[in-house]
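Below: work.txt (compact mmCIF, C-alpha atoms and all ligand atoms)
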# COMPACT_ATOMS: atom_id res chain seq x y z
CA MET A 1 135.19 63.74 91.32
CA LYS A 2 131.84 62.45 92.53
CA ARG A 3 130.39 64.33 95.50
CA ASN A 4 127.50 63.62 97.85
CA ILE A 5 126.30 67.05 98.93
CA LEU A 6 123.83 67.86 101.70
CA ILE A 7 122.16 71.20 100.94
CA THR A 8 120.22 72.50 103.95
CA GLY A 9 117.29 74.85 103.36
CA GLY A 10 117.08 73.70 99.74
CA ALA A 11 113.32 74.26 99.57
CA GLY A 12 113.69 77.97 100.39
CA PHE A 13 114.32 80.91 98.10
CA ILE A 14 118.11 80.83 97.56
CA GLY A 15 118.44 77.14 98.46
CA SER A 16 116.09 76.07 95.66
CA HIS A 17 118.20 77.93 93.08
CA VAL A 18 121.36 76.34 94.47
CA VAL A 19 119.79 72.86 94.39
CA ARG A 20 118.60 73.37 90.80
CA LEU A 21 122.01 74.59 89.62
CA PHE A 22 123.88 71.68 91.22
CA VAL A 23 121.36 69.01 90.14
CA ASN A 24 121.41 70.24 86.53
CA ASN A 25 125.11 71.08 86.20
CA TYR A 26 126.56 68.07 88.04
CA PRO A 27 124.62 64.92 87.13
CA GLU A 28 127.46 62.85 88.63
CA TYR A 29 126.87 64.37 92.11
CA LYS A 30 124.17 63.26 94.52
CA ILE A 31 122.30 66.30 95.83
CA VAL A 32 120.43 65.81 99.11
CA ASN A 33 118.02 68.60 100.03
CA PHE A 34 117.53 68.62 103.81
CA ASP A 35 114.70 70.96 104.79
CA LYS A 36 112.18 71.26 107.60
CA LEU A 37 109.62 72.92 105.31
CA THR A 38 108.82 75.87 107.55
CA TYR A 39 106.50 78.59 106.20
CA ALA A 40 109.46 79.61 103.96
CA GLY A 41 110.15 76.16 102.52
CA ASN A 42 108.16 75.05 99.50
CA LEU A 43 108.75 71.94 97.40
CA GLU A 44 106.86 73.62 94.55
CA ASN A 45 110.10 75.58 94.06
CA LEU A 46 111.76 72.38 92.85
CA LYS A 47 109.02 70.78 90.71
CA ASP A 48 111.22 70.88 87.59
CA ILE A 49 114.01 68.77 89.10
CA GLU A 50 112.27 66.61 91.72
CA ASN A 51 112.36 63.47 89.56
CA LYS A 52 116.01 63.72 88.53
CA PRO A 53 118.02 60.62 89.52
CA ASN A 54 120.70 62.64 91.34
CA TYR A 55 118.20 64.45 93.63
CA VAL A 56 116.98 63.29 97.06
CA PHE A 57 114.73 65.13 99.51
CA VAL A 58 114.89 64.54 103.27
CA LYS A 59 112.35 66.34 105.46
CA GLY A 60 114.09 67.23 108.71
CA ASP A 61 115.12 69.84 111.24
CA ILE A 62 118.81 70.79 111.38
CA CYS A 63 118.43 70.99 115.18
CA ASP A 64 117.64 67.24 115.23
CA ILE A 65 121.25 66.06 115.51
CA ASP A 66 120.32 62.36 115.49
CA LEU A 67 118.58 62.72 112.13
CA VAL A 68 121.45 64.86 110.79
CA ILE A 69 123.99 62.17 111.82
CA LYS A 70 121.84 59.40 110.32
CA THR A 71 121.46 61.31 107.04
CA ILE A 72 125.17 62.11 106.71
CA LYS A 73 126.12 58.49 107.43
CA GLU A 74 123.46 56.71 105.36
CA LEU A 75 123.86 58.93 102.31
CA ASN A 76 127.63 59.04 102.62
CA ILE A 77 127.68 62.85 102.64
CA ASP A 78 131.10 64.44 102.03
CA SER A 79 130.06 68.11 101.72
CA ILE A 80 127.48 70.37 103.29
CA ILE A 81 126.21 73.62 101.81
CA HIS A 82 124.32 75.17 104.71
CA LEU A 83 121.54 77.63 103.88
CA ALA A 84 118.77 76.62 106.29
CA ALA A 85 117.91 79.56 108.51
CA GLU A 86 115.23 81.89 109.69
CA SER A 87 115.89 84.77 107.32
CA HIS A 88 113.51 87.70 107.81
CA VAL A 89 114.63 90.64 109.99
CA ASP A 90 111.06 91.72 110.89
CA ARG A 91 110.22 88.23 112.20
CA SER A 92 113.45 88.24 114.24
CA ILE A 93 112.25 91.37 116.02
CA THR A 94 109.01 89.69 117.14
CA ASP A 95 110.47 86.19 117.74
CA PRO A 96 114.23 86.23 118.42
CA PHE A 97 114.21 82.83 120.17
CA THR A 98 113.33 80.96 116.99
CA PHE A 99 116.23 82.70 115.25
CA ALA A 100 118.72 81.69 117.94
CA GLN A 101 117.38 78.13 117.89
CA THR A 102 117.52 77.59 114.13
CA ASN A 103 120.43 79.79 113.11
CA VAL A 104 122.76 79.17 116.05
CA MET A 105 121.78 75.80 117.55
CA GLY A 106 120.89 74.33 114.14
CA THR A 107 124.28 75.33 112.71
CA LEU A 108 126.03 73.95 115.79
CA SER A 109 124.20 70.66 115.42
CA LEU A 110 125.35 70.35 111.78
CA LEU A 111 128.93 71.27 112.70
CA GLN A 112 129.08 68.77 115.54
CA ALA A 113 127.60 65.99 113.36
CA ALA A 114 130.00 66.71 110.48
CA LYS A 115 133.01 66.89 112.80
CA GLU A 116 132.17 63.62 114.57
CA ILE A 117 131.60 61.69 111.34
CA TRP A 118 134.46 63.17 109.29
CA LYS A 119 137.16 63.73 111.92
CA ASP A 120 139.25 60.65 111.07
CA ASN A 121 139.67 61.82 107.51
CA TYR A 122 138.91 65.40 106.52
CA GLU A 123 140.30 64.80 103.00
CA GLY A 124 137.67 65.72 100.38
CA LYS A 125 135.25 67.06 103.00
CA LEU A 126 133.78 70.58 103.13
CA PHE A 127 131.37 72.50 105.35
CA TYR A 128 130.26 75.56 103.35
CA HIS A 129 128.31 78.08 105.44
CA ILE A 130 126.11 80.63 103.65
CA SER A 131 125.85 83.92 105.48
CA THR A 132 124.84 87.52 105.01
CA ASP A 133 126.47 90.94 104.80
CA GLU A 134 124.17 92.02 107.67
CA VAL A 135 126.68 90.55 110.18
CA TYR A 136 128.95 93.55 109.49
CA GLY A 137 126.35 96.01 110.78
CA SER A 138 125.31 99.26 109.17
CA LEU A 139 127.31 101.72 107.03
CA GLY A 140 127.05 105.50 106.69
CA GLU A 141 126.97 107.09 103.26
CA GLU A 142 130.54 106.00 102.45
CA GLY A 143 132.54 102.77 102.46
CA PHE A 144 132.03 99.05 101.83
CA PHE A 145 132.10 95.83 103.83
CA THR A 146 135.21 93.75 103.13
CA GLU A 147 136.05 90.27 104.39
CA THR A 148 138.01 91.85 107.28
CA THR A 149 135.34 94.32 108.43
CA PRO A 150 134.72 93.63 112.15
CA TYR A 151 131.39 92.00 112.95
CA ASP A 152 128.81 94.40 114.39
CA PRO A 153 125.36 92.79 113.99
CA LYS A 154 122.45 95.01 114.95
CA SER A 155 119.25 92.95 114.54
CA PRO A 156 118.35 89.64 116.20
CA TYR A 157 118.58 88.07 112.72
CA SER A 158 122.09 89.33 112.04
CA ALA A 159 123.17 88.59 115.63
CA ALA A 160 122.10 84.96 115.18
CA LYS A 161 123.80 84.71 111.77
CA ALA A 162 126.99 86.31 113.18
CA SER A 163 126.99 83.81 116.02
CA SER A 164 126.64 80.92 113.57
CA ASP A 165 129.54 82.30 111.47
CA HIS A 166 131.71 82.42 114.60
CA PHE A 167 130.86 78.79 115.44
CA VAL A 168 131.78 77.70 111.91
CA ARG A 169 135.20 79.40 112.11
CA ALA A 170 135.71 78.10 115.66
CA PHE A 171 135.19 74.52 114.42
CA ASN A 172 137.84 75.14 111.76
CA ASN A 173 140.29 76.58 114.27
CA THR A 174 139.65 74.10 117.09
CA PHE A 175 138.91 70.84 115.28
CA GLY A 176 140.38 71.45 111.82
CA LEU A 177 136.96 71.06 110.16
CA PRO A 178 137.38 72.20 106.53
CA ILE A 179 135.07 75.18 106.16
CA VAL A 180 134.40 78.07 103.85
CA VAL A 181 132.04 81.01 104.48
CA SER A 182 130.42 83.51 102.15
CA ASN A 183 128.55 86.69 103.08
CA CYS A 184 126.16 87.97 100.46
CA SER A 185 124.08 91.12 99.99
CA ASN A 186 120.28 91.23 99.46
CA ASN A 187 119.00 88.71 96.92
CA TYR A 188 115.95 89.07 94.69
CA GLY A 189 114.38 86.92 92.00
CA PRO A 190 111.86 84.10 91.40
CA ASN A 191 110.52 82.07 94.35
CA GLN A 192 111.20 84.68 97.04
CA PHE A 193 108.60 84.59 99.80
CA PRO A 194 106.46 87.78 99.74
CA GLU A 195 107.60 89.02 103.14
CA LYS A 196 110.80 90.57 101.72
CA LEU A 197 110.64 93.96 100.04
CA ILE A 198 110.60 93.15 96.30
CA PRO A 199 108.11 90.24 96.17
CA LEU A 200 105.90 91.87 98.83
CA PHE A 201 105.64 95.03 96.74
CA ILE A 202 105.04 93.13 93.48
CA ASN A 203 102.25 91.16 95.16
CA ASN A 204 100.69 94.27 96.72
CA ILE A 205 100.71 96.10 93.38
CA LEU A 206 99.04 93.08 91.75
CA ASN A 207 96.33 93.36 94.43
CA SER A 208 96.23 97.21 94.46
CA LYS A 209 97.19 97.20 98.15
CA PRO A 210 99.25 99.93 99.91
CA LEU A 211 103.05 99.72 99.60
CA PRO A 212 104.40 100.09 103.17
CA VAL A 213 107.69 102.03 102.99
CA TYR A 214 109.52 101.96 106.33
CA GLY A 215 110.61 105.38 107.62
CA LYS A 216 111.52 107.75 104.81
CA GLY A 217 112.58 105.04 102.37
CA GLU A 218 116.17 106.29 102.54
CA ASN A 219 117.84 103.05 103.62
CA VAL A 220 120.24 101.59 101.08
CA ARG A 221 120.68 97.97 100.05
CA ASP A 222 122.89 96.24 97.46
CA TRP A 223 120.79 93.87 95.33
CA LEU A 224 121.92 90.68 93.60
CA TYR A 225 119.89 88.40 91.31
CA VAL A 226 119.51 85.06 93.10
CA VAL A 227 120.87 82.94 90.21
CA ASP A 228 124.07 84.99 90.31
CA HIS A 229 124.37 84.17 94.02
CA ALA A 230 123.92 80.47 93.20
CA LYS A 231 126.71 80.77 90.60
CA ALA A 232 128.99 82.41 93.17
CA ILE A 233 128.25 79.55 95.59
CA ASP A 234 129.16 77.06 92.82
CA ALA A 235 132.48 78.90 92.24
CA ILE A 236 133.33 79.03 95.96
CA PHE A 237 132.29 75.40 96.57
CA HIS A 238 134.60 74.16 93.80
CA ASN A 239 137.47 76.65 93.85
CA GLY A 240 137.33 78.60 97.12
CA LYS A 241 140.19 78.17 99.57
CA VAL A 242 139.40 76.18 102.70
CA GLY A 243 139.23 78.41 105.78
CA GLU A 244 138.52 81.55 103.73
CA THR A 245 135.64 84.01 103.62
CA TYR A 246 134.25 85.51 100.41
CA ASN A 247 131.97 88.54 100.18
CA ILE A 248 129.39 88.41 97.37
CA GLY A 249 127.60 91.53 96.13
CA GLY A 250 125.81 92.98 93.15
CA PHE A 251 127.73 96.27 92.70
CA ASN A 252 124.16 97.55 92.69
CA GLU A 253 123.16 99.92 95.50
CA TRP A 254 119.67 101.38 95.68
CA LYS A 255 117.91 103.68 98.10
CA ASN A 256 114.64 101.86 98.95
CA ILE A 257 112.38 104.60 97.63
CA ASP A 258 114.22 104.74 94.28
CA LEU A 259 114.07 100.96 93.93
CA ILE A 260 110.36 100.99 94.78
CA LYS A 261 109.73 103.56 92.02
CA VAL A 262 111.56 101.33 89.51
CA ILE A 263 109.27 98.45 90.51
CA CYS A 264 106.18 100.65 90.29
CA ARG A 265 107.06 101.83 86.77
CA ALA A 266 107.86 98.31 85.57
CA MET A 267 104.59 97.00 87.04
CA ASP A 268 102.51 99.79 85.43
CA LYS A 269 104.05 98.88 82.07
CA LYS A 270 103.44 95.17 82.59
CA LEU A 271 99.83 95.72 83.74
CA GLY A 272 99.11 98.23 80.97
CA ARG A 273 98.21 100.86 83.57
CA PRO A 274 99.04 104.58 83.12
CA ASP A 275 102.53 105.48 84.36
CA GLY A 276 102.27 106.66 87.99
CA THR A 277 99.35 104.39 88.97
CA SER A 278 101.33 102.09 91.27
CA GLU A 279 103.23 104.99 92.88
CA THR A 280 99.94 106.24 94.34
CA LEU A 281 99.97 103.10 96.53
CA ILE A 282 103.19 104.19 98.31
CA THR A 283 102.46 104.67 102.02
CA TYR A 284 105.11 105.74 104.52
CA VAL A 285 104.79 103.70 107.73
CA THR A 286 106.54 103.50 111.12
CA ASP A 287 110.17 102.55 110.67
CA ARG A 288 111.57 99.11 111.52
CA ALA A 289 113.14 99.11 115.01
CA GLY A 290 116.93 99.45 114.76
CA HIS A 291 116.71 99.69 110.95
CA ASP A 292 120.23 99.34 109.45
CA HIS A 293 120.90 102.37 107.26
CA ARG A 294 123.12 100.99 104.51
CA TYR A 295 124.72 97.74 103.38
CA ALA A 296 127.35 97.75 100.61
CA ILE A 297 129.72 94.98 99.64
CA ASP A 298 133.23 95.07 98.27
CA ALA A 299 133.16 91.88 96.17
CA SER A 300 136.63 92.33 94.67
CA LYS A 301 138.13 89.23 96.37
CA ILE A 302 135.76 86.73 94.74
CA ASN A 303 136.17 88.60 91.48
CA LYS A 304 139.99 88.54 91.54
CA GLU A 305 140.45 85.04 92.99
CA LEU A 306 137.57 83.14 91.40
CA GLY A 307 136.66 85.30 88.40
CA TRP A 308 133.03 85.71 89.54
CA VAL A 309 130.97 88.75 88.51
CA PRO A 310 127.20 89.19 88.43
CA SER A 311 125.94 88.22 84.98
CA LEU A 312 122.76 90.32 84.94
CA GLN A 313 122.11 94.04 84.92
CA PHE A 314 119.55 95.09 87.54
CA GLU A 315 116.94 96.11 84.93
CA GLU A 316 117.10 92.64 83.35
CA GLY A 317 116.89 90.94 86.75
CA ILE A 318 113.85 92.98 87.79
CA GLU A 319 112.10 92.22 84.49
CA LEU A 320 112.77 88.48 84.87
CA THR A 321 111.51 88.64 88.45
CA ILE A 322 108.30 90.50 87.62
CA ASN A 323 107.64 88.15 84.69
CA TRP A 324 108.10 85.16 87.00
CA TYR A 325 105.53 86.45 89.52
CA PHE A 326 103.09 87.17 86.65
CA ASN A 327 103.51 83.67 85.25
CA ASN A 328 103.28 81.95 88.63
CA LYS A 329 100.11 83.36 90.16
CA LEU A 330 99.22 79.93 91.60
CA TRP A 331 102.54 79.88 93.47
CA ILE A 332 101.74 83.30 95.02
CA GLU A 333 98.19 82.21 95.85
CA GLY A 334 99.59 79.08 97.51
CA VAL A 335 102.05 80.93 99.73
CA THR A 336 99.72 83.84 100.60
CA SER A 337 96.79 81.70 101.70
CA GLY A 338 96.52 80.41 105.28
CA GLN A 339 98.97 81.86 107.81
CA TYR A 340 100.25 84.62 105.52
CA GLN A 341 97.26 86.87 106.13
CA ASN A 342 97.78 86.64 109.92
CA TYR A 343 101.46 87.46 109.45
CA TYR A 344 100.61 90.41 107.23
CA ASN A 345 98.04 91.83 109.65
CA SER A 346 100.30 91.48 112.68
CA MET A 347 103.22 93.14 110.87
CA TYR A 348 101.44 95.96 109.05
CA GLU A 349 98.00 96.70 110.55
CA GLY A 350 97.93 100.09 112.26
CA ARG A 351 101.63 100.66 111.54
P1 LIG B 1 114.32 81.36 103.16
O1 LIG B 1 113.71 81.87 104.43
O2 LIG B 1 113.65 81.62 101.87
O3 LIG B 1 114.52 79.78 103.25
C1 LIG B 1 114.99 79.14 104.41
C2 LIG B 1 114.83 77.64 104.22
O4 LIG B 1 115.35 76.99 105.38
C3 LIG B 1 113.37 77.20 104.09
O5 LIG B 1 113.25 76.24 103.06
C4 LIG B 1 113.05 76.58 105.44
O6 LIG B 1 112.07 75.56 105.37
C5 LIG B 1 114.42 76.03 105.83
N1 LIG B 1 114.56 75.87 107.27
C6 LIG B 1 114.28 76.80 108.24
N2 LIG B 1 114.52 76.29 109.45
C7 LIG B 1 114.96 75.02 109.26
C8 LIG B 1 115.39 74.00 110.14
N3 LIG B 1 115.37 74.16 111.47
N4 LIG B 1 115.80 72.82 109.60
C9 LIG B 1 115.81 72.64 108.26
N5 LIG B 1 115.40 73.58 107.39
C10 LIG B 1 114.99 74.75 107.89
O7 LIG B 1 115.80 81.94 103.19
P2 LIG B 1 116.70 82.50 101.99
O8 LIG B 1 116.36 83.93 101.77
O9 LIG B 1 116.67 81.55 100.87
O10 LIG B 1 118.14 82.46 102.69
C11 LIG B 1 118.91 81.26 102.67
C12 LIG B 1 120.22 81.51 103.39
O11 LIG B 1 120.93 82.58 102.77
C13 LIG B 1 120.05 81.92 104.85
O12 LIG B 1 121.07 81.31 105.61
C14 LIG B 1 120.23 83.43 104.83
O13 LIG B 1 120.75 83.91 106.06
C15 LIG B 1 121.25 83.60 103.71
N6 LIG B 1 121.19 84.87 102.98
C16 LIG B 1 120.01 85.35 102.50
C17 LIG B 1 119.99 86.54 101.79
C18 LIG B 1 118.71 87.08 101.19
O14 LIG B 1 118.70 88.19 100.64
N7 LIG B 1 117.60 86.36 101.22
C19 LIG B 1 121.18 87.26 101.57
C20 LIG B 1 122.37 86.74 102.09
C21 LIG B 1 122.37 85.54 102.79
P1 LIG B 2 114.05 93.18 103.39
O1 LIG B 2 113.65 92.67 102.06
O2 LIG B 2 113.27 92.77 104.60
O3 LIG B 2 115.60 92.83 103.57
P2 LIG B 2 116.66 93.29 104.73
O4 LIG B 2 115.97 94.00 105.81
O5 LIG B 2 117.22 91.99 105.18
O6 LIG B 2 117.66 94.15 104.01
O7 LIG B 2 114.03 94.77 103.36
C1 LIG B 2 114.80 95.50 102.40
C2 LIG B 2 114.65 96.97 102.74
O8 LIG B 2 113.27 97.37 102.51
C3 LIG B 2 114.94 97.31 104.20
O9 LIG B 2 115.59 98.56 104.26
C4 LIG B 2 113.56 97.39 104.83
C5 LIG B 2 112.68 97.89 103.71
N1 LIG B 2 111.27 97.42 103.74
C6 LIG B 2 110.23 98.35 103.64
O10 LIG B 2 110.43 99.57 103.54
N2 LIG B 2 108.93 97.87 103.67
C7 LIG B 2 108.65 96.55 103.78
O11 LIG B 2 107.44 96.18 103.84
C8 LIG B 2 109.73 95.61 103.86
C9 LIG B 2 109.47 94.13 103.98
C10 LIG B 2 111.02 96.10 103.82

Rewrite the structure from the file as structure tokens, please.
Amino acid sequence: MKRNILITGGAGFIGSHVVRLFVNNYPEYKIVNFDKLTYAGNLENLKDIENKPNYVFVKGDICDIDLVIKTIKELNIDSIIHLAAESHVDRSITDPFTFAQTNVMGTLSLLQAAKEIWKDNYEGKLFYHISTDEVYGSLGEEGFFTETTPYDPKSPYSAAKASSDHFVRAFNNTFGLPIVVSNCSNNYGPNQFPEKLIPLFINNILNSKPLPVYGKGENVRDWLYVVDHAKAIDAIFHNGKVGETYNIGGFNEWKNIDLIKVICRAMDKKLGRPDGTSETLITYVTDRAGHDHRYAIDASKINKELGWVPSLQFEEGIELTINWYFNNKLWIEGVTSGQYQNYYNSMYEGR
């Protein structure tokens, strides 16, 4: 079946991998990338597919409901894969309003537009909302988040994402809008903006700058290679059950400090520096306010129902990621010029 899919946030980190996968794997679909191009959006991420006949870019804000309605109508959109969001926890601590505006009001604007345009015939329509495991809160040393874990968001970022998830399910319950939701663990890989842990540390090692470890480095995250997330989204989009939620995870938990040491060793090898060189850059800094201790996902539902498993081992994923940043120094230079230095100073100076 031919589909006309609106992918929001397609110029961002995960969105660009989702756009690429759909454009390349489904030439019969029309893929519309709808993105505001905030600091996190970068059309360079999509250079390799920008001239494909089944790809269209629309620059726009998801909060601009008139433009959203116009785009859905004019391009005959039948499905939305919604990734556009403010996504960095540290920024949500300094500027929670922007997170509520984009993540909550932006999602509501998309839902309202889709409902109004599709309501006479929901057949063949889908609103797929991409969310995070952070909505479930923080775990102790034991246990995993499942699809039925009660929501308990603890940062302004996760509170805004949780709120948007609730609106998506409310539109299904109240108006019958066909929806599906997935909640994924931490992603890493090519094209990730160097504000998140892995690309920030790779970039700092390249520049021999300190590696700011929050607190004692004992927080735990589950890491998934971004292309595997895109493949899970493909599986859920095509075969997920309407109204359902799917958790996506890497079966790959790491304490921050252990992960950082893996990156340091891999970077020393890549740079031809003596083992231990990068580790000397590790600097313990003031902890993030309200820092969630541990996230861990039970991804057995998507595995059992849709047959999805991560395809890469962590060591392979990290090597691919490091190689990408080495081979794309212009990309890093591009995104770390201008405002980035102000961001970096305000977040880390004197910490
Ligand atoms: P990102 O910050 O790299 O990209 C966000 C994209 O959204 C950018 O291209 C930006 O320009 C766009 N955008 C922001 N505000 C917009 C607006 N008002 N209108 C239109 N476009 C706008 O984010 P990411 O890390 O790729 O995350 C994508 C989605 O996946 C988010 O919804 C996030 O909550 C979710 N998620 C991320 C992770 C992760 O580890 N990064 C894990 C699980 C879920
Ligand atoms: P991050 O990549 O921001 O993802 P999230 O907070 O959404 O999980 O951070 C991953 C972990 O790394 C988290 O426990 C915070 C920690 N961290 C640092 O120790 N130093 C840093 O400079 C950053 C950005 C993160």

Can you list, as JSON, numbers by chain, every protein, DNA or RNA residue that comes within 8 Å of range 190-204 of chain A when you count only C-alpha atoms, leaving out same-chain residues fewer than 4 positions away? {"A": [12, 13, 14, 40, 45, 88, 208, 209, 210, 211, 226, 260, 263, 267, 320, 321, 322, 324, 325, 332, 335, 336]}

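With all atoms listed in the file as the basis for measurement, A:Tyr295 is the residue among A:Trp118, A:Tyr39, A:Phe99, A:Tyr295 that approaches Thr132 in chain A most closely.
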
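The closest residue to Asp298 in chain A, picked from A:Leu110, A:Cys184, A:Val220, A:Ile80 and counting only C-alpha atoms, is A:Cys184.
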
Produce the centre coordinates and the three edge lengths, each in Å to one decimal, of the box along x, y and z that contains all listed atoms of range 76-81 of chain A with 4 Å added on each side, as JSON.
{"center_x": 128.7, "center_y": 66.3, "center_z": 102.5, "size_x": 12.9, "size_y": 22.6, "size_z": 9.6}

For Lys30 in chain A, please output as a ChimeraX atom specification all residues within 8 Å (counting all atoms listed in the file; exclusion window: fewer than 5 positions along the same chain). /A:2-5,23,54-56

Just the selected residues (C-alpha atoms), exported as a CSV table (one decimal), in the coordinates of the input, please.
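File produced: again_39.csv:
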chain,number,residue,atom,x,y,z
A,2,LYS,CA,131.8,62.4,92.5
A,3,ARG,CA,130.4,64.3,95.5
A,4,ASN,CA,127.5,63.6,97.8
A,5,ILE,CA,126.3,67.0,98.9
A,23,VAL,CA,121.4,69.0,90.1
A,54,ASN,CA,120.7,62.6,91.3
A,55,TYR,CA,118.2,64.4,93.6
A,56,VAL,CA,117.0,63.3,97.1

All residues 9 Å or closer to Leu75 in chain A, only C-alpha atoms, same chain fewer than 3 positions away omitted, as a list in words: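 Counting only C-alpha atoms, the residues come to Asn4, Leu6, Lys30, Val32, Lys70, Thr71 and Ile72 of chain A.
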
All heavy atoms modelled onto range 109-116 of chain A, as a PDB file, keeping the file's coordinate frame:
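Okay, part07.pdb is ready:
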ATOM      1  N   SER A 109     124.523  72.076 115.544  1.00  0.00           N
ATOM      2  CA  SER A 109     124.200  70.660 115.420  1.00  0.00           C
ATOM      3  C   SER A 109     124.803  70.070 114.131  1.00  0.00           C
ATOM      4  O   SER A 109     125.386  68.976 114.136  1.00  0.00           O
ATOM      5  CB  SER A 109     122.675  70.488 115.530  1.00  0.00           C
ATOM      6  OG  SER A 109     122.148  69.631 114.588  1.00  0.00           O
ATOM      7  N   LEU A 110     124.742  70.815 113.041  1.00  0.00           N
ATOM      8  CA  LEU A 110     125.350  70.350 111.780  1.00  0.00           C
ATOM      9  C   LEU A 110     126.866  70.252 111.898  1.00  0.00           C
ATOM     10  O   LEU A 110     127.482  69.292 111.420  1.00  0.00           O
ATOM     11  CB  LEU A 110     125.023  71.344 110.651  1.00  0.00           C
ATOM     12  CG  LEU A 110     123.612  71.341 110.080  1.00  0.00           C
ATOM     13  CD1 LEU A 110     123.410  72.562 109.195  1.00  0.00           C
ATOM     14  CD2 LEU A 110     123.344  70.070 109.267  1.00  0.00           C
ATOM     15  N   LEU A 111     127.469  71.256 112.539  1.00  0.00           N
ATOM     16  CA  LEU A 111     128.930  71.270 112.700  1.00  0.00           C
ATOM     17  C   LEU A 111     129.401  70.066 113.519  1.00  0.00           C
ATOM     18  O   LEU A 111     130.360  69.372 113.159  1.00  0.00           O
ATOM     19  CB  LEU A 111     129.373  72.555 113.411  1.00  0.00           C
ATOM     20  CG  LEU A 111     129.330  73.849 112.595  1.00  0.00           C
ATOM     21  CD1 LEU A 111     129.429  75.057 113.531  1.00  0.00           C
ATOM     22  CD2 LEU A 111     130.446  73.883 111.557  1.00  0.00           C
ATOM     23  N   GLN A 112     128.690  69.845 114.633  1.00  0.00           N
ATOM     24  CA  GLN A 112     129.080  68.770 115.540  1.00  0.00           C
ATOM     25  C   GLN A 112     128.932  67.414 114.831  1.00  0.00           C
ATOM     26  O   GLN A 112     129.822  66.555 114.921  1.00  0.00           O
ATOM     27  CB  GLN A 112     128.181  68.834 116.799  1.00  0.00           C
ATOM     28  CG  GLN A 112     128.489  67.833 117.870  1.00  0.00           C
ATOM     29  CD  GLN A 112     129.782  68.151 118.639  1.00  0.00           C
ATOM     30  OE1 GLN A 112     130.425  69.177 118.386  1.00  0.00           O
ATOM     31  NE2 GLN A 112     130.192  67.256 119.510  1.00  0.00           N
ATOM     32  N   ALA A 113     127.828  67.254 114.086  1.00  0.00           N
ATOM     33  CA  ALA A 113     127.600  65.990 113.360  1.00  0.00           C
ATOM     34  C   ALA A 113     128.699  65.786 112.309  1.00  0.00           C
ATOM     35  O   ALA A 113     129.305  64.706 112.227  1.00  0.00           O
ATOM     36  CB  ALA A 113     126.219  66.021 112.696  1.00  0.00           C
ATOM     37  N   ALA A 114     128.988  66.831 111.537  1.00  0.00           N
ATOM     38  CA  ALA A 114     130.000  66.710 110.480  1.00  0.00           C
ATOM     39  C   ALA A 114     131.364  66.392 111.087  1.00  0.00           C
ATOM     40  O   ALA A 114     132.091  65.505 110.612  1.00  0.00           O
ATOM     41  CB  ALA A 114     130.067  68.012 109.672  1.00  0.00           C
ATOM     42  N   LYS A 115     131.709  67.094 112.153  1.00  0.00           N
ATOM     43  CA  LYS A 115     133.010  66.890 112.800  1.00  0.00           C
ATOM     44  C   LYS A 115     133.141  65.441 113.305  1.00  0.00           C
ATOM     45  O   LYS A 115     134.137  64.757 113.055  1.00  0.00           O
ATOM     46  CB  LYS A 115     133.147  67.884 113.952  1.00  0.00           C
ATOM     47  CG  LYS A 115     134.480  67.922 114.621  1.00  0.00           C
ATOM     48  CD  LYS A 115     134.512  67.278 115.983  1.00  0.00           C
ATOM     49  CE  LYS A 115     133.736  67.980 117.049  1.00  0.00           C
ATOM     50  NZ  LYS A 115     133.762  67.266 118.336  1.00  0.00           N
ATOM     51  N   GLU A 116     132.104  64.971 113.995  1.00  0.00           N
ATOM     52  CA  GLU A 116     132.170  63.620 114.570  1.00  0.00           C
ATOM     53  C   GLU A 116     132.309  62.552 113.482  1.00  0.00           C
ATOM     54  O   GLU A 116     133.055  61.594 113.621  1.00  0.00           O
ATOM     55  CB  GLU A 116     130.920  63.336 115.418  1.00  0.00           C
ATOM     56  CG  GLU A 116     130.962  63.970 116.792  1.00  0.00           C
ATOM     57  CD  GLU A 116     132.226  63.592 117.574  1.00  0.00           C
ATOM     58  OE1 GLU A 116     132.541  62.397 117.660  1.00  0.00           O
ATOM     59  OE2 GLU A 116     132.908  64.521 118.075  1.00  0.00           O
TER      60      GLU A 116
END
